[in-house]
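What follows is final-v4.tsv (TSV, C-alpha atoms).
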```tsv
chain	number	residue	atom	x	y	z
A	1	MET	CA	-10.95	60.33	7.91
A	2	MET	CA	-10.11	57.73	5.31
A	3	PRO	CA	-12.89	56.34	3.09
A	4	GLY	CA	-12.22	52.84	4.39
A	5	GLN	CA	-12.93	54.00	7.93
A	6	ARG	CA	-16.21	55.56	6.88
A	7	LEU	CA	-17.10	52.37	5.10
A	8	GLN	CA	-16.46	50.31	8.19
A	9	GLY	CA	-18.54	52.66	10.32
A	10	CYS	CA	-21.40	52.49	7.85
A	11	ARG	CA	-21.32	48.72	7.71
A	12	SER	CA	-21.41	48.41	11.48
A	13	LEU	CA	-24.84	50.04	11.54
A	14	HIS	CA	-26.41	47.20	9.57
A	15	PHE	CA	-27.36	43.77	10.91
A	16	ASN	CA	-27.10	40.57	9.02
A	17	GLU	CA	-30.62	39.75	7.84
A	18	ASP	CA	-30.93	36.51	9.82
A	19	ASN	CA	-29.46	38.06	12.97
A	20	GLY	CA	-31.68	41.10	12.60
A	21	ARG	CA	-34.75	38.92	12.21
A	22	PHE	CA	-33.76	36.89	15.28
A	23	VAL	CA	-33.19	39.97	17.44
A	24	LEU	CA	-36.41	41.63	16.27
A	25	LEU	CA	-38.42	38.47	16.94
A	26	ALA	CA	-36.87	38.12	20.41
A	27	ILE	CA	-37.82	41.72	21.23
A	28	LEU	CA	-41.38	41.25	19.96
A	29	ILE	CA	-41.78	38.00	21.93
A	30	LEU	CA	-40.51	39.73	25.08
A	31	LEU	CA	-43.02	42.55	24.60
A	32	TYR	CA	-45.72	39.96	23.91
A	33	LEU	CA	-44.88	38.18	27.18
A	34	LEU	CA	-44.91	41.43	29.14
A	35	CYS	CA	-48.30	42.40	27.72
A	36	GLY	CA	-49.71	38.92	28.40
A	37	ALA	CA	-48.39	38.96	31.96
A	38	ALA	CA	-50.00	42.35	32.58
A	39	VAL	CA	-53.37	41.24	31.19
A	40	PHE	CA	-53.50	37.91	33.07
A	41	SER	CA	-52.31	39.52	36.28
A	42	ALA	CA	-55.06	42.12	36.06
A	43	ILE	CA	-57.69	39.45	35.31
A	44	GLU	CA	-56.69	36.57	37.59
A	45	ARG	CA	-54.99	38.24	40.57
A	46	PRO	CA	-58.22	39.48	42.28
A	47	SER	CA	-59.75	35.99	42.01
A	48	GLU	CA	-56.59	34.46	43.51
A	49	LEU	CA	-56.71	36.82	46.50
A	50	GLN	CA	-60.38	36.06	47.07
A	51	ALA	CA	-59.70	32.30	46.95
A	52	HIS	CA	-56.88	32.66	49.49
A	53	GLY	CA	-59.17	34.61	51.81
A	54	ARG	CA	-61.97	32.03	51.56
A	55	TRP	CA	-59.56	29.13	52.18
A	56	ASN	CA	-57.97	30.74	55.22
A	57	GLY	CA	-61.42	31.37	56.68
A	58	THR	CA	-62.50	27.79	56.00
A	59	LEU	CA	-59.29	26.43	57.53
A	60	HIS	CA	-59.70	28.43	60.75
A	61	ASN	CA	-63.36	27.50	61.06
A	62	PHE	CA	-62.56	23.81	60.63
A	63	SER	CA	-59.74	24.02	63.17
A	64	GLU	CA	-61.97	25.68	65.76
A	65	THR	CA	-64.99	23.44	65.12
A	66	PHE	CA	-63.16	20.11	65.46
A	67	ASN	CA	-60.49	21.34	67.90
A	68	ILE	CA	-57.58	20.51	65.58
A	69	SER	CA	-54.46	22.58	65.55
A	70	LEU	CA	-53.52	24.31	62.32
A	71	GLN	CA	-50.16	22.50	62.34
A	72	ASP	CA	-51.80	19.05	62.39
A	73	LEU	CA	-54.32	20.13	59.78
A	74	ASN	CA	-51.63	21.39	57.42
A	75	SER	CA	-49.71	18.13	57.88
A	76	PHE	CA	-52.81	16.19	56.86
A	77	LEU	CA	-53.30	18.40	53.81
A	78	ARG	CA	-49.71	17.76	52.71
A	79	GLU	CA	-50.37	14.03	52.82
A	80	TYR	CA	-53.47	14.56	50.71
A	81	GLU	CA	-51.52	16.57	48.14
A	82	ALA	CA	-49.03	13.70	47.86
A	83	ALA	CA	-51.93	11.32	47.31
A	84	ILE	CA	-53.27	13.55	44.55
A	85	ALA	CA	-49.86	13.49	42.86
A	86	ALA	CA	-49.99	9.69	42.94
A	87	GLY	CA	-53.37	9.71	41.19
A	88	ILE	CA	-55.65	9.21	44.21
A	89	ARG	CA	-58.89	11.20	44.19
A	90	ALA	CA	-61.93	11.37	46.42
A	91	ASP	CA	-64.11	10.32	43.48
A	92	ALA	CA	-63.61	6.98	41.76
A	93	LEU	CA	-61.16	7.28	38.87
A	94	ARG	CA	-59.94	4.76	36.36
A	95	PRO	CA	-56.60	3.03	37.08
A	96	ARG	CA	-53.65	5.09	35.95
A	97	TRP	CA	-51.16	2.38	35.08
A	98	ASP	CA	-53.15	-0.44	33.53
A	99	PHE	CA	-52.51	-0.89	29.81
A	100	THR	CA	-55.23	1.59	28.77
A	101	GLY	CA	-54.08	4.22	31.23
A	102	ALA	CA	-50.43	3.72	30.27
A	103	PHE	CA	-51.31	4.07	26.57
A	104	TYR	CA	-53.09	7.35	27.35
A	105	PHE	CA	-50.00	8.49	29.25
A	106	VAL	CA	-47.49	7.71	26.48
A	107	GLY	CA	-49.81	9.48	24.01
A	108	THR	CA	-49.57	12.66	26.06
A	109	VAL	CA	-45.80	12.20	26.27
A	110	VAL	CA	-44.97	11.81	22.57
A	111	SER	CA	-47.45	14.53	21.59
A	112	THR	CA	-45.79	16.86	24.16
A	113	ILE	CA	-49.18	17.61	25.76
A	114	GLY	CA	-48.15	16.41	29.23
A	115	PHE	CA	-51.33	16.91	31.28
A	116	GLY	CA	-49.56	15.91	34.49
A	117	MET	CA	-52.38	13.72	35.72
A	118	SER	CA	-50.18	10.62	35.43
A	119	THR	CA	-46.49	10.82	36.22
A	120	PRO	CA	-43.95	8.07	36.94
A	121	VAL	CA	-42.96	7.82	40.59
A	122	THR	CA	-40.32	5.08	40.41
A	123	ILE	CA	-36.69	5.68	39.46
A	124	ALA	CA	-36.88	3.12	36.66
A	125	GLY	CA	-39.99	4.80	35.23
A	126	LYS	CA	-38.41	8.25	35.27
A	127	VAL	CA	-35.20	7.02	33.58
A	128	PHE	CA	-37.16	5.12	30.93
A	129	LEU	CA	-39.32	8.21	30.28
A	130	ILE	CA	-36.24	10.29	29.42
A	131	PHE	CA	-35.12	7.99	26.61
A	132	TYR	CA	-38.64	7.07	25.53
A	133	GLY	CA	-39.70	10.73	25.21
A	134	LEU	CA	-36.52	11.69	23.37
A	135	LEU	CA	-37.22	9.33	20.49
A	136	GLY	CA	-41.01	9.53	20.63
A	137	CYS	CA	-41.24	13.32	20.58
A	138	ALA	CA	-38.83	13.55	17.64
A	139	ALA	CA	-40.80	10.96	15.65
A	140	THR	CA	-44.11	12.68	16.43
A	141	ILE	CA	-42.81	16.09	15.32
A	142	LEU	CA	-41.67	14.46	12.06
A	143	PHE	CA	-45.16	12.99	11.67
A	144	PHE	CA	-46.72	16.43	12.17
A	145	ASN	CA	-44.42	17.93	9.52
A	146	LEU	CA	-45.29	15.18	7.04
A	147	PHE	CA	-48.96	15.71	7.84
A	148	LEU	CA	-48.56	19.41	6.98
A	149	GLU	CA	-46.90	18.51	3.67
A	150	ARG	CA	-49.81	16.22	2.76
A	151	ILE	CA	-52.33	18.88	3.70
A	152	ILE	CA	-50.59	21.47	1.50
A	153	THR	CA	-50.36	18.97	-1.38
A	154	LEU	CA	-54.05	18.14	-1.08
A	155	LEU	CA	-55.01	21.80	-0.95
A	156	ALA	CA	-52.80	22.52	-3.96
A	157	VAL	CA	-54.49	19.79	-6.01
A	158	VAL	CA	-58.00	20.89	-5.06
A	159	MET	CA	-57.41	24.63	-5.50
A	160	LYS	CA	-55.53	24.06	-8.77
A	161	ALA	CA	-58.45	22.03	-10.13
A	162	VAL	CA	-60.89	24.77	-9.10
A	163	ARG	CA	-58.68	27.41	-10.74
A	164	GLU	CA	-58.39	25.42	-13.96
A	165	ARG	CA	-62.14	24.90	-14.05
A	166	ARG	CA	-62.74	28.61	-13.55
A	167	ILE	CA	-60.34	29.52	-16.37
A	168	ARG	CA	-61.84	26.86	-18.64
A	169	ASN	CA	-65.38	28.09	-18.00
A	170	SER	CA	-64.44	31.72	-18.54
A	171	GLY	CA	-64.12	31.18	-22.29
A	172	LEU	CA	-60.70	32.85	-22.50
A	173	LEU	CA	-58.86	29.77	-23.75
A	174	PRO	CA	-58.36	29.09	-27.47
A	175	PRO	CA	-60.46	26.15	-28.70
A	176	GLY	CA	-57.38	24.14	-29.70
A	177	ILE	CA	-56.01	23.76	-26.17
A	178	ARG	CA	-59.27	23.52	-24.29
A	179	HIS	CA	-59.12	19.72	-24.03
A	180	ASP	CA	-55.43	19.45	-23.13
A	181	PHE	CA	-55.35	22.43	-20.79
A	182	SER	CA	-54.98	20.42	-17.58
A	183	ALA	CA	-51.89	18.63	-18.88
A	184	TYR	CA	-49.64	21.68	-18.87
A	185	SER	CA	-51.52	24.51	-17.20
A	186	LEU	CA	-50.29	26.27	-14.10
A	187	PRO	CA	-46.94	24.47	-13.82
A	188	GLY	CA	-45.57	24.49	-10.27
A	189	TRP	CA	-48.62	26.35	-8.99
A	190	LYS	CA	-49.10	26.22	-5.21
A	191	PRO	CA	-51.79	27.72	-2.98
A	192	SER	CA	-51.24	30.96	-1.14
A	193	VAL	CA	-50.02	30.70	2.43
A	194	TYR	CA	-53.02	32.81	3.49
A	195	HIS	CA	-55.43	30.34	1.88
A	196	VAL	CA	-53.71	27.46	3.68
A	197	MET	CA	-53.85	29.36	6.97
A	198	LEU	CA	-57.56	30.09	6.49
A	199	ILE	CA	-58.42	26.48	5.67
A	200	LEU	CA	-56.38	25.10	8.57
A	201	GLY	CA	-57.94	27.63	10.93
A	202	LEU	CA	-61.47	26.69	9.86
A	203	SER	CA	-60.60	22.99	10.17
A	204	ALA	CA	-59.23	23.49	13.70
A	205	ILE	CA	-62.35	25.45	14.71
A	206	THR	CA	-64.64	22.78	13.27
A	207	ILE	CA	-62.80	19.95	15.06
A	208	SER	CA	-62.79	21.90	18.34
A	209	CYS	CA	-66.52	22.64	18.16
A	210	CYS	CA	-67.37	19.00	17.38
A	211	ALA	CA	-65.09	17.72	20.15
A	212	SER	CA	-66.56	20.21	22.63
A	213	ALA	CA	-70.06	19.03	21.74
A	214	MET	CA	-68.92	15.52	22.73
A	215	TYR	CA	-67.03	16.48	25.90
A	216	THR	CA	-69.80	18.65	27.35
A	217	PRO	CA	-72.38	15.88	28.03
A	218	VAL	CA	-69.88	13.06	28.62
A	219	GLU	CA	-67.49	14.84	31.01
A	220	GLY	CA	-70.09	17.20	32.50
A	221	TRP	CA	-68.17	20.35	31.55
A	222	ALA	CA	-69.58	23.65	30.35
A	223	TYR	CA	-69.27	24.14	26.59
A	224	LEU	CA	-66.83	27.04	27.02
A	225	ASP	CA	-64.70	24.88	29.33
A	226	SER	CA	-64.73	22.18	26.67
A	227	LEU	CA	-63.53	24.66	24.03
A	228	TYR	CA	-60.81	25.78	26.43
A	229	PHE	CA	-59.76	22.16	26.98
A	230	CYS	CA	-59.64	21.55	23.21
A	231	PHE	CA	-57.31	24.49	22.58
A	232	VAL	CA	-55.05	23.67	25.54
A	233	SER	CA	-54.83	20.04	24.46
A	234	PHE	CA	-54.60	20.52	20.68
A	235	SER	CA	-51.89	23.16	21.06
A	236	THR	CA	-49.97	20.74	23.37
A	237	ILE	CA	-49.97	23.24	26.22
A	238	GLY	CA	-51.59	20.73	28.56
A	239	PHE	CA	-52.22	22.52	31.86
A	240	GLY	CA	-53.99	19.52	33.38
A	241	ASP	CA	-56.87	21.41	34.98
A	242	PHE	CA	-59.25	19.66	32.56
A	243	VAL	CA	-58.41	16.15	31.39
A	244	SER	CA	-60.66	13.81	29.44
A	245	SER	CA	-61.22	10.08	30.05
A	246	GLN	CA	-60.45	10.21	33.77
A	247	ASN	CA	-63.64	8.72	35.23
A	248	ALA	CA	-63.77	5.05	36.04
A	249	VAL	CA	-66.86	4.28	33.96
A	250	TYR	CA	-68.41	5.96	30.93
A	251	GLU	CA	-71.49	5.13	28.95
A	252	TYR	CA	-70.32	3.73	25.60
A	253	GLN	CA	-66.78	3.78	26.97
A	254	SER	CA	-65.11	2.09	23.99
A	255	LEU	CA	-66.78	4.40	21.48
A	256	TYR	CA	-65.92	7.44	23.58
A	257	GLY	CA	-62.27	6.38	23.86
A	258	LEU	CA	-62.00	5.94	20.09
A	259	ALA	CA	-63.66	9.31	19.42
A	260	ASN	CA	-61.42	10.99	21.99
A	261	PHE	CA	-58.30	9.56	20.33
A	262	PHE	CA	-59.50	10.67	16.87
A	263	PHE	CA	-60.27	14.24	17.96
A	264	MET	CA	-56.97	14.50	19.80
A	265	LEU	CA	-54.97	13.30	16.80
A	266	MET	CA	-56.70	15.48	14.22
A	267	GLY	CA	-56.80	18.50	16.51
A	268	VAL	CA	-53.09	18.35	17.36
A	269	CYS	CA	-52.17	17.86	13.68
A	270	CYS	CA	-54.30	20.80	12.53
A	271	ILE	CA	-53.15	23.16	15.28
A	272	TYR	CA	-49.49	22.22	14.79
A	273	SER	CA	-49.80	22.80	11.04
A	274	LEU	CA	-51.58	26.09	11.68
A	275	PHE	CA	-48.76	27.20	13.98
A	276	ASN	CA	-46.22	26.46	11.24
A	277	VAL	CA	-48.17	28.46	8.66
A	278	ILE	CA	-48.65	31.38	11.09
A	279	SER	CA	-44.89	31.36	11.73
A	280	ILE	CA	-44.36	31.86	7.97
A	281	VAL	CA	-46.66	34.89	8.04
A	282	ILE	CA	-44.83	36.25	11.10
A	283	LYS	CA	-41.53	35.83	9.25
A	284	GLN	CA	-42.92	37.81	6.32
A	285	VAL	CA	-43.96	40.58	8.70
A	286	LEU	CA	-40.47	40.58	10.24
A	287	ASN	CA	-38.89	40.85	6.78
A	288	TRP	CA	-41.14	43.81	6.00
A	289	MET	CA	-40.18	45.49	9.27
A	290	LEU	CA	-36.48	44.88	8.63
A	291	GLU	CA	-36.82	46.35	5.16
A	292	LYS	CA	-38.40	49.49	6.63
A	293	MET	CA	-35.72	49.72	9.31
A	294	SER	CA	-32.75	48.79	7.08
A	295	CYS	CA	-31.30	52.32	6.77
A	296	LEU	CA	-32.97	53.95	9.76
A	297	PHE	CA	-29.69	54.36	11.67
A	298	CYS	CA	-27.41	54.85	8.65
A	299	GLN	CA	-26.56	58.55	8.55
A	300	ARG	CA	-24.79	58.31	5.21
A	301	CYS	CA	-27.85	56.83	3.54
A	302	ASN	CA	-30.07	59.46	5.12
A	303	LYS	CA	-27.73	62.20	3.94
A	304	ALA	CA	-27.72	60.76	0.44
A	305	ASN	CA	-31.52	60.70	0.35
A	306	ALA	CA	-31.73	64.26	1.68
A	307	PHE	CA	-29.14	65.43	-0.87
A	308	LEU	CA	-31.06	63.73	-3.66
A	309	SER	CA	-34.33	65.41	-2.68
A	310	ARG	CA	-32.68	68.86	-2.85
A	311	ARG	CA	-31.15	68.55	-6.29
A	312	ASN	CA	-32.63	67.92	-9.73
A	313	ALA	CA	-30.79	64.64	-10.32
A	314	ILE	CA	-31.26	62.34	-13.28
A	315	ARG	CA	-32.85	59.13	-12.09
A	316	PRO	CA	-32.47	56.03	-14.27
A	317	GLY	CA	-35.43	54.16	-12.74
A	318	SER	CA	-37.86	54.01	-9.89
A	319	LYS	CA	-36.99	52.60	-6.48
A	320	THR	CA	-39.61	49.94	-6.91
A	321	ARG	CA	-37.87	48.49	-9.90
A	322	GLN	CA	-34.49	48.64	-8.24
A	323	SER	CA	-35.71	46.92	-5.12
A	324	ARG	CA	-37.21	44.09	-7.17
A	325	PHE	CA	-34.47	43.42	-9.67
A	326	ASP	CA	-31.34	45.06	-8.29
A	327	LYS	CA	-29.06	42.94	-6.13
A	328	PRO	CA	-26.08	44.90	-4.90
A	329	ASP	CA	-22.74	43.19	-5.11
A	330	SER	CA	-21.52	44.50	-1.77
A	331	ASP	CA	-22.62	43.49	1.67
A	332	GLY	CA	-23.85	46.77	3.02
A	333	PRO	CA	-26.47	49.05	1.50
A	334	CYS	CA	-24.11	52.04	1.41
A	335	ASP	CA	-20.58	50.72	1.16
A	336	SER	CA	-19.30	53.73	-0.80
A	337	ASP	CA	-20.35	57.06	-2.24
A	338	THR	CA	-21.08	55.39	-5.57
A	339	GLU	CA	-23.18	52.69	-3.98
A	340	GLY	CA	-25.11	55.23	-1.94
A	341	ARG	CA	-25.90	57.25	-5.04
A	342	ARG	CA	-26.92	54.15	-6.95
A	343	LEU	CA	-29.36	52.97	-4.29
A	344	SER	CA	-30.77	56.45	-3.82
A	345	GLY	CA	-31.65	56.63	-7.52
A	346	GLU	CA	-29.07	59.26	-8.56
A	347	MET	CA	-27.21	58.86	-11.87
A	348	ILE	CA	-23.59	57.81	-11.27
A	349	SER	CA	-20.75	58.96	-13.47
A	350	MET	CA	-19.53	56.90	-16.40
A	351	LYS	CA	-16.13	56.49	-14.76
A	352	ASP	CA	-17.59	55.04	-11.58
A	353	LEU	CA	-19.92	52.77	-13.53
A	354	ALA	CA	-17.16	51.34	-15.73
A	355	ALA	CA	-14.81	50.90	-12.79
A	356	SER	CA	-17.41	49.10	-10.66
A	357	ASN	CA	-18.68	46.57	-13.17
A	358	LYS	CA	-17.40	46.21	-16.73
A	359	VAL	CA	-19.79	43.36	-17.48
A	360	SER	CA	-22.83	45.43	-16.57
A	361	LEU	CA	-21.46	48.26	-18.71
A	362	ALA	CA	-21.16	46.01	-21.74
A	363	ILE	CA	-24.69	44.65	-21.32
A	364	MET	CA	-26.15	48.12	-20.84
A	365	GLN	CA	-24.18	49.45	-23.82
A	366	LYS	CA	-25.60	46.75	-26.07
A	367	GLN	CA	-29.16	47.44	-24.93
A	368	LEU	CA	-28.77	51.19	-25.31
A	369	SER	CA	-27.31	50.72	-28.79
A	370	GLU	CA	-30.23	48.57	-29.88
A	371	SER	CA	-32.71	51.06	-28.48
A	372	ALA	CA	-31.01	54.02	-30.13
A	373	ASN	CA	-30.81	52.31	-33.52
A	374	GLY	CA	-34.39	51.07	-33.38
A	375	TYR	CA	-33.56	47.36	-33.34
A	376	PRO	CA	-36.19	45.12	-31.82
A	377	ARG	CA	-35.26	43.61	-28.48
A	378	THR	CA	-36.96	41.88	-25.59
A	379	VAL	CA	-37.20	43.42	-22.16
A	380	CYS	CA	-35.06	41.40	-19.80
A	381	GLY	CA	-34.00	41.58	-16.21
A	382	SER	CA	-30.78	43.46	-17.07
A	383	SER	CA	-32.63	46.39	-18.57
A	384	ARG	CA	-34.75	46.69	-15.52
A	385	HIS	CA	-31.65	46.25	-13.43
A	386	ASN	CA	-30.14	49.44	-14.89
A	387	GLY	CA	-33.41	51.32	-14.98
A	388	PHE	CA	-33.24	52.37	-18.65
A	389	SER	CA	-35.99	51.93	-21.22
A	390	GLY	CA	-35.92	52.27	-25.00
A	391	GLY	CA	-35.47	55.62	-26.69
A	392	VAL	CA	-33.56	57.66	-29.31
A	393	GLY	CA	-31.98	61.11	-29.48
A	394	ALA	CA	-30.43	61.87	-26.12
A	395	LEU	CA	-30.24	58.14	-25.45
A	396	GLY	CA	-28.16	57.67	-28.56
A	397	ILE	CA	-25.78	60.41	-27.43
A	398	MET	CA	-25.41	58.67	-24.08
A	399	ASN	CA	-24.67	55.43	-25.90
A	400	ASN	CA	-21.83	57.09	-27.83
A	401	ARG	CA	-20.41	58.39	-24.56
A	402	LEU	CA	-20.56	54.90	-23.09
A	403	ALA	CA	-18.80	53.50	-26.12
A	404	GLU	CA	-15.99	56.05	-25.79
A	405	THR	CA	-15.58	55.26	-22.11
A	406	SER	CA	-15.53	51.53	-22.76
A	407	ASN	CA	-12.99	51.81	-25.60
A	408	SER	CA	-10.73	54.01	-23.52
A	409	ARG	CA	-10.58	51.18	-20.97
```

What does the file become when written as C-alpha cells?
Amino acid sequence: MMPGQRLQGCRSLHFNEDNGRFVLLAILILLYLLCGAAVFSAIERPSELQAHGRWNGTLHNFSETFNISLQDLNSFLREYEAAIAAGIRADALRPRWDFTGAFYFVGTVVSTIGFGMSTPVTIAGKVFLIFYGLLGCAATILFFNLFLERIITLLAVVMKAVRERRIRNSGLLPPGIRHDFSAYSLPGWKPSVYHVMLILGLSAITISCCASAMYTPVEGWAYLDSLYFCFVSFSTIGFGDFVSSQNAVYEYQSLYGLANFFFMLMGVCCIYSLFNVISIVIKQVLNWMLEKMSCLFCQRCNKANAFLSRRNAIRPGSKTRQSRFDKPDSDGPCDSDTEGRRLSGEMISMKDLAASNKVSLAIMQKQLSESANGYPRTVCGSSRHNGFSGGVGALGIMNNRLAETSNSR
C-alpha cells in the first residue's frame, strides 16, 4: 500500500474539531433526553393513571346520577374546553385583551415565555403575532446578550478592584509603584467564567426566593410551587400551569404589577446569562473529551505509542510542553511516519527534520549553538516548541551535526 493511501486512511479517522464537538454534543443531549424521559415517566406516569381512573369514575357517577348520556356529557365538556382556551374560567379573572392584559401578553411573547393563557383567536391577530414576534424576540435576545456583557464588565471591575486591594495590602509591591499601581496593574484582566457562573447562580437563586416570597401570599400558592413557577418563567419554558397576575382584583394591585414586572425582567436576564455561561463550561468539557478521544480510533497513533513504550527512545521534551506550545502544520495528528514520531515524543532524524521545516531547523540551530557556547539567551516559545533546553557537551556535538546537515542542503 502506498504511503499516500495510508495517510488518507489515517485522516479519515479524525473529525474536524467543530464537527466533532457538534456530534458529541448531539449524542450527549440525546442521552440526556432519554434519561429525563425515563425519570419523568417513572415519577409522573402512576399519578396520571390514577387521575384517569378517578375522572372516569366521576364521569360515570355524574352520568348515572343526573341521567345524562356520556355522549352528551362529553359534548358539553368539549364546549367548556373551548371556553377555557378563550380565557373563560369559572372564577372571576381579569380581562385578557384590555391594554394591561395585552401588555402582559406581548411581554410573554417577546421574552419567549409563552404561558398560553392568552392566545389570539382572530386571523388578523395570528398574522400580526408572526411578524411582531419575529422582530420582538430578536430584539429581546440582543438585550439579554448586552445585559450579560454589562454584568461581566461590572464583575470584572469589582473583582479587579478587590484583587488590586489584596495585592496592595499584602506588602509585596515596591514602595515606588504603590500609589500608581491601579493605573497599569492587571492589564486586560477578566474574571474567571466559574466566578461569573457562581455569582449569576446566586443572583438567580436570590431573585427566585424573593419572588416566591411575594407570590405565595398574593397568589395563594405553596412556596415550592412558587419556586417552580419562578424557574419555569425565568427560564422562558412557560408551561402555563401556574401564571401570575390572573385574578381580577388584587390588594395593592398596582404595586404588585410593578413588582411582578421587575422580578420577571431581572429573573429572565439572570437565568439567560447563566445559561450562556453554563454553555461555555459545557463547551470546555466537550473540548476536553475530544482531546481525550482524538486518537482513540487511530491505529497508527496507537502503534506509534506502543512502539515508543517498548524502546529506549530519546525524547526531546514532555508531552505537556508539546501540547501547549506545539502546533502541527498538517491537518491530521498522524499524517506521516515523521509526524507520528514527533507527536509521540520520539526523536526524528536530522534528514526528516530538515526536509519538513528548514525555518524551524535554523531557529533550533541558533538556540543550540548559543546554549553550547554558553551565550546568554532568553527562553522563548520556539525552544519549548522543539523541546530542547540549554546544555553543553553532547548538545554541542548535536549542534555540529545540525550545522553539517544544514550546510549540505

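Of the listed residues A:Ala85, A:Ile207, A:Leu70, A:Val196, the one whose atoms come nearest to A:Val268 is A:Ile207, with distances taken using all atoms listed in the file.
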
Using only C-alpha atoms, find the one residue out of A:Val193, A:Ala138, A:Val106, A:Val158 that sits nearest to A:Val281.
-> A:Val193

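Atom CA of A:Phe115 to atom CA of A:Ser254 spans 21.5 Å [interatomic distance, one decimal].
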
If you count all atoms listed in the file, the residue of A:Ile167, A:Tyr272, A:Leu129, A:Pro95 closest to A:Leu146 turns out to be A:Tyr272

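In this structure, atom CA of A:Leu155 sits 15.3 Å away from atom CA of A:Ala204.
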